[in-house]
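Trainee: So that you have it, the file is start_33.pdb, and it contains PDB, C-alpha atoms and all ligand atoms:
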```
ATOM      1  CA  CYS N 739     -11.964   3.568 -10.811
ATOM      2  CA  ASN N 740     -10.791   6.638  -8.876
ATOM      3  CA  VAL N 741      -7.697   5.910  -6.814
ATOM      4  CA  VAL N 742      -6.090   8.054  -4.099
ATOM      5  CA  VAL N 743      -2.577   7.048  -2.973
ATOM      6  CA  LEU N 744      -1.169   7.815   0.488
ATOM      7  CA  ILE N 745       2.604   8.024   0.934
ATOM      8  CA  SER N 746       5.224   9.078   3.471
ATOM      9  CA  GLY N 747       8.483   8.553   1.614
ATOM     10  CA  SER N 748      10.285   7.637  -1.562
ATOM     11  CA  GLY N 749       7.159   6.500  -3.347
ATOM     12  CA  SER N 750       8.722   3.825  -5.538
ATOM     13  CA  ASN N 751       5.474   1.841  -5.252
ATOM     14  CA  LEU N 752       3.583   4.976  -6.262
ATOM     15  CA  GLN N 753       5.900   5.190  -9.283
ATOM     16  CA  ALA N 754       5.088   1.597 -10.223
ATOM     17  CA  LEU N 755       1.377   2.429  -9.984
ATOM     18  CA  LEU N 756       1.847   5.567 -12.104
ATOM     19  CA  ASP N 757       3.793   3.579 -14.697
ATOM     20  CA  SER N 758       1.010   0.986 -14.880
ATOM     21  CA  GLN N 759      -1.593   3.568 -15.894
ATOM     22  CA  ASP N 760      -2.674   3.154 -19.485
ATOM     23  CA  GLU N 761      -5.895   2.953 -21.453
ATOM     24  CA  LYS N 762      -6.201  -0.769 -20.675
ATOM     25  CA  ASN N 763      -6.039  -0.095 -16.926
ATOM     26  CA  ALA N 764      -9.331   0.937 -15.294
ATOM     27  CA  ALA N 765      -7.461   2.430 -12.298
ATOM     28  CA  ARG N 766      -6.991   6.204 -12.396
ATOM     29  CA  ILE N 767      -4.806   7.858  -9.801
ATOM     30  CA  ARG N 768      -6.598  11.110  -8.960
ATOM     31  CA  ALA N 769      -4.489  12.366  -6.069
ATOM     32  CA  VAL N 770      -1.485  11.629  -3.877
ATOM     33  CA  VAL N 771      -1.496  12.599  -0.191
ATOM     34  CA  SER N 772       1.593  12.708   2.017
ATOM     35  CA  ASN N 773       2.003  13.348   5.730
ATOM     36  CA  ARG N 774       5.621  14.441   5.158
ATOM     37  CA  GLU N 775       6.571  17.366   2.948
ATOM     38  CA  GLU N 776      10.000  15.901   2.128
ATOM     39  CA  ALA N 777       8.444  12.712   0.709
ATOM     40  CA  PHE N 778      10.004  12.255  -2.732
ATOM     41  CA  GLY N 779       6.794  10.629  -3.909
ATOM     42  CA  LEU N 780       5.201  14.101  -4.024
ATOM     43  CA  GLN N 781       7.655  15.037  -6.765
ATOM     44  CA  ARG N 782       6.909  11.830  -8.639
ATOM     45  CA  ALA N 783       3.184  12.664  -8.548
ATOM     46  CA  GLN N 784       3.758  16.234  -9.697
ATOM     47  CA  ALA N 785       5.936  15.024 -12.562
ATOM     48  CA  ALA N 786       3.037  12.805 -13.635
ATOM     49  CA  GLY N 787       0.578  15.718 -13.435
ATOM     50  CA  ILE N 788      -1.320  14.273 -10.458
ATOM     51  CA  ALA N 789      -2.843  16.475  -7.730
ATOM     52  CA  THR N 790      -0.872  16.381  -4.467
ATOM     53  CA  HIS N 791      -1.804  17.241  -0.900
ATOM     54  CA  LEU N 792       0.271  17.578   2.233
ATOM     55  CA  VAL N 793      -1.447  16.774   5.549
ATOM     56  CA  ARG N 794       1.192  17.014   8.273
ATOM     57  CA  HIS N 795       0.381  14.783  11.219
ATOM     58  CA  LYS N 796       2.363  17.158  13.439
ATOM     59  CA  ASP N 797      -0.205  19.902  12.806
ATOM     60  CA  PHE N 798      -2.929  17.926  14.598
ATOM     61  CA  ALA N 799      -3.559  17.356  18.293
ATOM     62  CA  ASP N 800      -4.323  13.649  17.962
ATOM     63  CA  ARG N 801      -4.806  10.790  15.512
ATOM     64  CA  GLU N 802      -8.563  11.389  15.272
ATOM     65  CA  ALA N 803      -8.086  15.001  14.138
ATOM     66  CA  PHE N 804      -5.341  14.026  11.682
ATOM     67  CA  ASP N 805      -7.421  11.205  10.209
ATOM     68  CA  ALA N 806     -10.476  13.470   9.913
ATOM     69  CA  ALA N 807      -8.431  15.988   7.897
ATOM     70  CA  LEU N 808      -7.035  13.160   5.786
ATOM     71  CA  MET N 809     -10.513  11.775   5.059
ATOM     72  CA  ALA N 810     -11.836  15.201   4.077
ATOM     73  CA  ILE N 811      -9.081  15.633   1.476
ATOM     74  CA  ILE N 812      -9.283  12.070   0.191
ATOM     75  CA  ASP N 813     -13.065  12.194  -0.174
ATOM     76  CA  LYS N 814     -12.901  15.327  -2.335
ATOM     77  CA  HIS N 815     -11.537  12.996  -5.018
ATOM     78  CA  GLN N 816     -14.450  10.543  -4.621
ATOM     79  CA  PRO N 817     -12.206   7.495  -4.397
ATOM     80  CA  ASP N 818     -13.341   3.991  -5.209
ATOM     81  CA  LEU N 819     -10.023   2.806  -3.791
ATOM     82  CA  VAL N 820      -7.478   4.207  -1.336
ATOM     83  CA  VAL N 821      -3.969   2.775  -1.654
ATOM     84  CA  LEU N 822      -1.407   2.928   1.145
ATOM     85  CA  ALA N 823       2.042   2.974  -0.477
ATOM     86  CA  GLY N 824       4.614   3.337   2.278
ATOM     87  CA  PHE N 825       2.289   5.454   4.401
ATOM     88  CA  MET N 826       3.917   5.258   7.822
ATOM     89  CA  ARG N 827       1.052   6.281  10.122
ATOM     90  CA  ILE N 828      -1.258   3.944  11.983
ATOM     91  CA  LEU N 829      -4.819   4.768  10.983
ATOM     92  CA  THR N 830      -7.709   5.042  13.443
ATOM     93  CA  PRO N 831     -10.545   2.472  13.476
ATOM     94  CA  GLY N 832     -12.871   5.234  12.244
ATOM     95  CA  PHE N 833     -10.698   5.815   9.172
ATOM     96  CA  VAL N 834     -10.400   2.104   8.435
ATOM     97  CA  ARG N 835     -14.181   1.589   8.771
ATOM     98  CA  HIS N 836     -14.874   4.568   6.504
ATOM     99  CA  TYR N 837     -12.892   2.923   3.669
ATOM    100  CA  GLN N 838     -13.848  -0.671   4.503
ATOM    101  CA  GLY N 839     -13.354  -2.872   1.435
ATOM    102  CA  ARG N 840     -11.669  -0.112  -0.546
ATOM    103  CA  LEU N 841      -8.405   0.292   1.364
ATOM    104  CA  LEU N 842      -5.281  -1.632   0.304
ATOM    105  CA  ASN N 843      -1.786  -1.783   1.824
ATOM    106  CA  ILE N 844       1.487  -3.395   0.803
ATOM    107  CA  HIS N 845       3.597  -5.010   3.476
ATOM    108  CA  PRO N 846       7.170  -6.309   3.007
ATOM    109  CA  SER N 847       6.689  -9.833   4.367
ATOM    110  CA  LEU N 848       4.755 -13.006   3.696
ATOM    111  CA  LEU N 849       1.854 -12.164   6.006
ATOM    112  CA  PRO N 850       0.808 -13.329   8.547
ATOM    113  CA  LYS N 851       4.557 -13.560   9.235
ATOM    114  CA  TYR N 852       6.370 -10.431  10.416
ATOM    115  CA  LYS N 853       3.718  -7.819  10.928
ATOM    116  CA  GLY N 854       5.147  -4.416  11.824
ATOM    117  CA  LEU N 855       8.623  -3.056  11.098
ATOM    118  CA  ASP N 856      12.064  -4.513  10.289
ATOM    119  CA  THR N 857      10.635  -7.428   8.358
ATOM    120  CA  HIS N 858      13.684  -8.245   6.205
ATOM    121  CA  ARG N 859      16.067  -8.344   9.162
ATOM    122  CA  ARG N 860      13.658 -10.550  11.094
ATOM    123  CA  ALA N 861      13.291 -12.987   8.189
ATOM    124  CA  LEU N 862      17.087 -13.242   7.794
ATOM    125  CA  GLU N 863      17.681 -13.685  11.526
ATOM    126  CA  ALA N 864      15.091 -16.450  11.640
ATOM    127  CA  GLY N 865      16.950 -18.254   8.828
ATOM    128  CA  ASP N 866      13.868 -18.266   6.610
ATOM    129  CA  THR N 867      14.369 -19.785   3.186
ATOM    130  CA  GLU N 868      11.417 -17.868   1.755
ATOM    131  CA  HIS N 869      10.463 -14.244   2.129
ATOM    132  CA  GLY N 870       8.415 -11.773   0.124
ATOM    133  CA  CYS N 871       5.651  -9.211   0.229
ATOM    134  CA  SER N 872       1.883  -9.067   0.494
ATOM    135  CA  VAL N 873      -0.909  -6.787  -0.691
ATOM    136  CA  HIS N 874      -3.830  -6.909   1.729
ATOM    137  CA  PHE N 875      -7.110  -5.228   2.505
ATOM    138  CA  VAL N 876      -6.750  -3.013   5.553
ATOM    139  CA  THR N 877      -8.776  -3.891   8.622
ATOM    140  CA  GLU N 878      -8.540  -2.627  12.179
ATOM    141  CA  GLU N 879      -5.829  -5.187  12.996
ATOM    142  CA  LEU N 880      -2.440  -3.753  11.966
ATOM    143  CA  ASP N 881      -1.078  -5.696   8.939
ATOM    144  CA  GLY N 882      -3.772  -8.273   9.687
ATOM    145  CA  GLY N 883      -6.362  -7.846   6.924
ATOM    146  CA  PRO N 884      -7.174 -10.423   4.219
ATOM    147  CA  VAL N 885      -4.337 -10.974   1.741
ATOM    148  CA  ALA N 886      -5.006 -10.311  -1.957
ATOM    149  CA  ILE N 887      -1.673 -11.312  -3.523
ATOM    150  CA  GLN N 888       1.797 -12.299  -2.360
ATOM    151  CA  ALA N 889       5.178 -12.555  -4.060
ATOM    152  CA  TYR N 890       7.472 -15.318  -2.793
ATOM    153  CA  LEU N 891      11.262 -15.076  -3.069
ATOM    154  CA  SER N 892      13.862 -17.724  -2.186
ATOM    155  CA  VAL N 893      16.425 -16.368   0.221
ATOM    156  CA  GLN N 894      19.771 -16.885  -1.569
ATOM    157  CA  PRO N 895      23.018 -18.143  -0.024
ATOM    158  CA  GLY N 896      24.950 -15.073   1.104
ATOM    159  CA  GLU N 897      21.830 -12.919   0.983
ATOM    160  CA  THR N 898      22.360  -9.584   2.754
ATOM    161  CA  LEU N 899      19.844  -7.232   4.268
ATOM    162  CA  GLU N 900      20.445  -4.865   1.348
ATOM    163  CA  SER N 901      20.002  -7.487  -1.365
ATOM    164  CA  LEU N 902      16.876  -8.923   0.236
ATOM    165  CA  THR N 903      15.367  -5.465   0.747
ATOM    166  CA  SER N 904      15.919  -4.508  -2.856
ATOM    167  CA  ARG N 905      14.642  -7.824  -4.243
ATOM    168  CA  VAL N 906      11.456  -7.590  -2.169
ATOM    169  CA  HIS N 907      10.998  -3.976  -3.246
ATOM    170  CA  ALA N 908      11.223  -5.012  -6.909
ATOM    171  CA  ALA N 909       8.562  -7.668  -6.272
ATOM    172  CA  GLU N 910       6.320  -5.062  -4.619
ATOM    173  CA  HIS N 911       6.473  -3.031  -7.824
ATOM    174  CA  ILE N 912       5.035  -5.994  -9.720
ATOM    175  CA  ILE N 913       2.261  -7.147  -7.388
ATOM    176  CA  TYR N 914       0.866  -3.786  -6.242
ATOM    177  CA  PRO N 915      -0.105  -2.531  -9.715
ATOM    178  CA  LEU N 916      -1.588  -5.967 -10.426
ATOM    179  CA  ALA N 917      -3.786  -5.917  -7.308
ATOM    180  CA  VAL N 918      -4.919  -2.352  -8.017
ATOM    181  CA  ARG N 919      -5.782  -3.265 -11.601
ATOM    182  CA  TRP N 920      -7.774  -6.320 -10.449
ATOM    183  CA  PHE N 921      -9.665  -4.156  -7.970
ATOM    184  CA  ALA N 922     -10.385  -1.524 -10.620
ATOM    185  CA  GLU N 923     -11.734  -4.212 -12.948
ATOM    186  CA  GLY N 924     -14.048  -5.493 -10.206
ATOM    187  CA  ARG N 925     -12.188  -8.807 -10.047
ATOM    188  CA  LEU N 926     -10.740  -8.342  -6.568
ATOM    189  CA  ARG N 927     -13.025  -7.527  -3.668
ATOM    190  CA  LEU N 928     -13.458  -7.928   0.043
ATOM    191  CA  ALA N 929     -16.344 -10.174   1.078
ATOM    192  CA  GLU N 930     -17.593 -11.298   4.511
ATOM    193  CA  GLN N 931     -15.371 -14.381   4.389
ATOM    194  CA  GLY N 932     -12.256 -12.569   3.108
ATOM    195  CA  ALA N 933     -10.623 -11.456  -0.132
ATOM    196  CA  MET N 934     -12.104 -12.829  -3.367
ATOM    197  CA  LEU N 935     -10.671 -12.922  -6.896
ATOM    198  CA  ASP N 936     -13.072 -13.592  -9.767
ATOM    199  CA  GLY N 937     -15.618 -14.829  -7.236
ATOM    200  CA  ASN N 938     -13.222 -17.341  -5.649
ATOM    201  CA  PRO N 939     -11.911 -17.036  -2.091
ATOM    202  CA  LEU N 940      -8.168 -16.284  -1.903
TER     203      LEU N 940
HETATM  204  C1  LIG I1001       7.686  -0.594   1.054
HETATM  205  O1  LIG I1001       8.695  -1.474   1.420
HETATM  206  C2  LIG I1001       6.354  -1.072   1.560
HETATM  207  O2  LIG I1001       6.254  -2.444   1.635
HETATM  208  C3  LIG I1001       6.301  -0.481   2.931
HETATM  209  O3  LIG I1001       6.912   0.777   2.798
HETATM  210  C4  LIG I1001       7.834   0.759   1.725
HETATM  211  C5  LIG I1001       7.500   1.890   0.808
HETATM  212  O4  LIG I1001       8.455   2.103  -0.175
HETATM  213  N1  LIG I1001       4.925  -0.445   3.384
HETATM  214  P1  LIG I1001       8.210   3.197  -1.320
HETATM  215  O5  LIG I1001       7.980   4.544  -0.616
HETATM  216  O6  LIG I1001       7.030   2.775  -2.119
HETATM  217  O7  LIG I1001       9.484   3.218  -2.111
END
```
Output the structure of this file as structure tokens.
Ligand code: GRF

Mentor:
Amino acid sequence: CNVVVLISGSGSNLQALLDSQDEKNAARIRAVVSNREEAFGLQRAQAAGIATHLVRHKDFADREAFDAALMAIIDKHQPDLVVLAGFMRILTPGFVRHYQGRLLNIHPSLLPKYKGLDTHRRALEAGDTEHGCSVHFVTEELDGGPVAIQAYLSVQPGETLESLTSRVHAAEHIIYPLAVRWFAEGRLRLAEQGAMLDGNPL
């Protein structure tokens, strides 16, 4: 299963995906694409011997042109799956449709709660006792696509923004490689009615 990973930053989720690659894992990361040249994830990919590409959104007149350039580079690697791992650009409907059913994202909240940014602060301010992260198929609705897997954490007494952020991040590093592996094995897929695992609706 050919996988292309899109990043904008540190790439700790990319690292977790790289670390999960072994002969038992059908997922093969073929390329990493960043829209920011300072993204540390590019160095992680290079250290792992993976092809990297830089597509700077600032070099394009609009989202359509940027996404077209992105698609051209991604498709050179003939991906079965495109993984958004901290990719901080909103993708056009055309891009999302092009990769329908083979585009995953990780979001740092228990979706459908807290779509968008600042999720950990919002969960703390709301006094939530549970928080976590979600891997979902990407659809045209931002952070709104069918969920594949979630990690739940109990918010601890005295929990700070920093502690919650780092605990959720650690959970992301567990569930994202799992979802990608399931997809690569043909166990996880997007059907008309939503995400399915082993033929059962999630
Ligand atoms: C993660 O918190 C992820 O949920 C969000 O962006 C962050 C990426 O972190 N979409 P990293 O670059 O993988 O370290």

Trainee: Quick one: contact table of segment 859-916 of chain N to segment 744-751 of chain N, 8 Å max, nearest atom pair and distance in Å to one decimal per residue, counting only C-alpha atoms, chain and number order, as JSON lines?

Mentor:
```
{"residue": "N:Glu910", "atom": "CA", "partner": "N:Asn751", "partner_atom": "CA", "distance": 7.0}
{"residue": "N:His911", "atom": "CA", "partner": "N:Asn751", "partner_atom": "CA", "distance": 5.6}
{"residue": "N:Tyr914", "atom": "CA", "partner": "N:Asn751", "partner_atom": "CA", "distance": 7.3}
```

Trainee: Kindly provide, as a PyMOL selection string, the polymer residues lying within 10 Å of (0.6, 11.7, -15.7), counting only C-alpha atoms and using the coordinates exactly as they appear in the file.

Mentor: chain N and resi 756-757+759-760+766-768+782-789

Trainee: Run the PyMOL selection byres (((not hetatm)) within 10 of (chain I and resi 1001)) against the file shown and list the residues it catches, as JSON, numbers by chain.

Mentor: {"N": [744, 745, 746, 747, 748, 749, 750, 751, 752, 753, 754, 755, 777, 778, 779, 822, 823, 824, 825, 826, 843, 844, 845, 846, 847, 854, 855, 856, 857, 858, 870, 871, 872, 873, 881, 903, 904, 906, 907, 908, 909, 910, 911, 914]}

Trainee: Can you list what the PyMOL selection byres (((chain N and resi 806) around 12) and not hetatm) grabs from this structure, as a VMD selection string?

Mentor: chain N and resid 793 795 798 to 805 807 to 813 829 to 834 836

Trainee: Can you turn the PyMOL selection byres (((chain N and resi 923) around 9) and not hetatm) into a concrete residue list for this file, as a PyMOL selection string?

Mentor: chain N and resi 739+763-765+918-922+924-926

Trainee: Choose the residue, out of N:Leu862, N:Leu891, N:Ile912, N:Ile828, that has the smallest atom-to-atom separation from Glu879 of chain N; count all atoms listed in the file.

Mentor: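 Closest residue, counting all atoms listed in the file: N:Ile828.
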
Trainee: Looking at only C-alpha atoms, which of N:Ala933, N:Leu848, N:Leu842, N:Ala861 is the one that sits closest to Thr898 of chain N?

Mentor: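 Ranked by minimum distance to Thr898 of chain N, first place goes to N:Ala861.
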
Trainee: Using only C-alpha atoms, give me every residue within 12 Å of (-12.8, -13.0, -3.2) in file coordinates, as a PyMOL selection string.

Mentor: chain N and resi 839+874-875+884-887+920-921+924-940

Trainee: Taking all atoms of segment 872-885 of chain N that the file lists, what box with edges along x, y and z, padded by 3 Å per side, do you get, with centre and edge lengths in Å to one decimal, as JSON?

Mentor:
```
{"center_x": -3.4, "center_y": -6.8, "center_z": 6.2, "size_x": 16.7, "size_y": 14.3, "size_z": 19.7}
```

Trainee: Could you check how far atom CA of Arg905 of chain N sits from atom CA of Lys762 of chain N, in Å to one decimal?

Mentor: 27.5 Å

Trainee: Please indicate the distance in Å from atom CA of Val742 of chain N to atom CA of Glu776 of chain N, rounded to one decimal place.

Mentor: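 Going from atom CA of Val742 of chain N over to atom CA of Glu776 of chain N, I get 19.0 Å.
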
Trainee: Please, what distance in Å, to one decimal, runs between atom CA of Arg774 of chain N and atom CA of Val821 of chain N?

Mentor: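 Taking atom CA of Arg774 of chain N as the start and atom CA of Val821 of chain N as the end point, the length is 16.6 Å.
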
Trainee: Using the incomplete input, complete segment 768-782 of chain N to the level of N, CA and C atoms; output as an mmCIF file, in the frame of the given file.

Mentor:
```cif
data_model
loop_
_atom_site.group_PDB
_atom_site.id
_atom_site.type_symbol
_atom_site.label_atom_id
_atom_site.label_comp_id
_atom_site.auth_asym_id
_atom_site.auth_seq_id
_atom_site.Cartn_x
_atom_site.Cartn_y
_atom_site.Cartn_z
ATOM 1 N N ARG N 768 -6.069 9.742 -8.947
ATOM 2 C CA ARG N 768 -6.598 11.110 -8.960
ATOM 3 C C ARG N 768 -5.815 12.042 -8.063
ATOM 4 N N ALA N 769 -5.209 11.506 -7.010
ATOM 5 C CA ALA N 769 -4.489 12.366 -6.069
ATOM 6 C C ALA N 769 -3.508 11.545 -5.250
ATOM 7 N N VAL N 770 -2.471 12.224 -4.770
ATOM 8 C CA VAL N 770 -1.485 11.629 -3.877
ATOM 9 C C VAL N 770 -1.417 12.501 -2.631
ATOM 10 N N VAL N 771 -1.512 11.872 -1.459
ATOM 11 C CA VAL N 771 -1.496 12.599 -0.191
ATOM 12 C C VAL N 771 -0.305 12.105 0.622
ATOM 13 N N SER N 772 0.462 13.055 1.165
ATOM 14 C CA SER N 772 1.593 12.708 2.017
ATOM 15 C C SER N 772 1.449 13.372 3.378
ATOM 16 N N ASN N 773 1.960 12.709 4.407
ATOM 17 C CA ASN N 773 2.003 13.348 5.730
ATOM 18 C C ASN N 773 3.366 14.002 5.978
ATOM 19 N N ARG N 774 4.288 13.843 4.996
ATOM 20 C CA ARG N 774 5.621 14.441 5.158
ATOM 21 C C ARG N 774 5.960 15.245 3.910
ATOM 22 N N GLU N 775 6.355 16.507 4.122
ATOM 23 C CA GLU N 775 6.571 17.366 2.948
ATOM 24 C C GLU N 775 7.805 16.964 2.158
ATOM 25 N N GLU N 776 8.773 16.293 2.831
ATOM 26 C CA GLU N 776 10.000 15.901 2.128
ATOM 27 C C GLU N 776 9.844 14.575 1.372
ATOM 28 N N ALA N 777 8.658 13.987 1.410
ATOM 29 C CA ALA N 777 8.444 12.712 0.709
ATOM 30 C C ALA N 777 8.699 12.887 -0.794
ATOM 31 N N PHE N 778 9.649 12.123 -1.316
ATOM 32 C CA PHE N 778 10.004 12.255 -2.732
ATOM 33 C C PHE N 778 8.840 11.864 -3.639
ATOM 34 N N GLY N 779 7.970 11.033 -3.133
ATOM 35 C CA GLY N 779 6.794 10.629 -3.909
ATOM 36 C C GLY N 779 5.941 11.814 -4.354
ATOM 37 N N LEU N 780 5.969 12.914 -3.605
ATOM 38 C CA LEU N 780 5.201 14.101 -4.024
ATOM 39 C C LEU N 780 5.731 14.626 -5.353
ATOM 40 N N GLN N 781 7.063 14.581 -5.497
ATOM 41 C CA GLN N 781 7.655 15.037 -6.765
ATOM 42 C C GLN N 781 7.309 14.086 -7.910
ATOM 43 N N ARG N 782 7.279 12.807 -7.602
ATOM 44 C CA ARG N 782 6.909 11.830 -8.639
ATOM 45 C C ARG N 782 5.489 12.112 -9.135
#
```
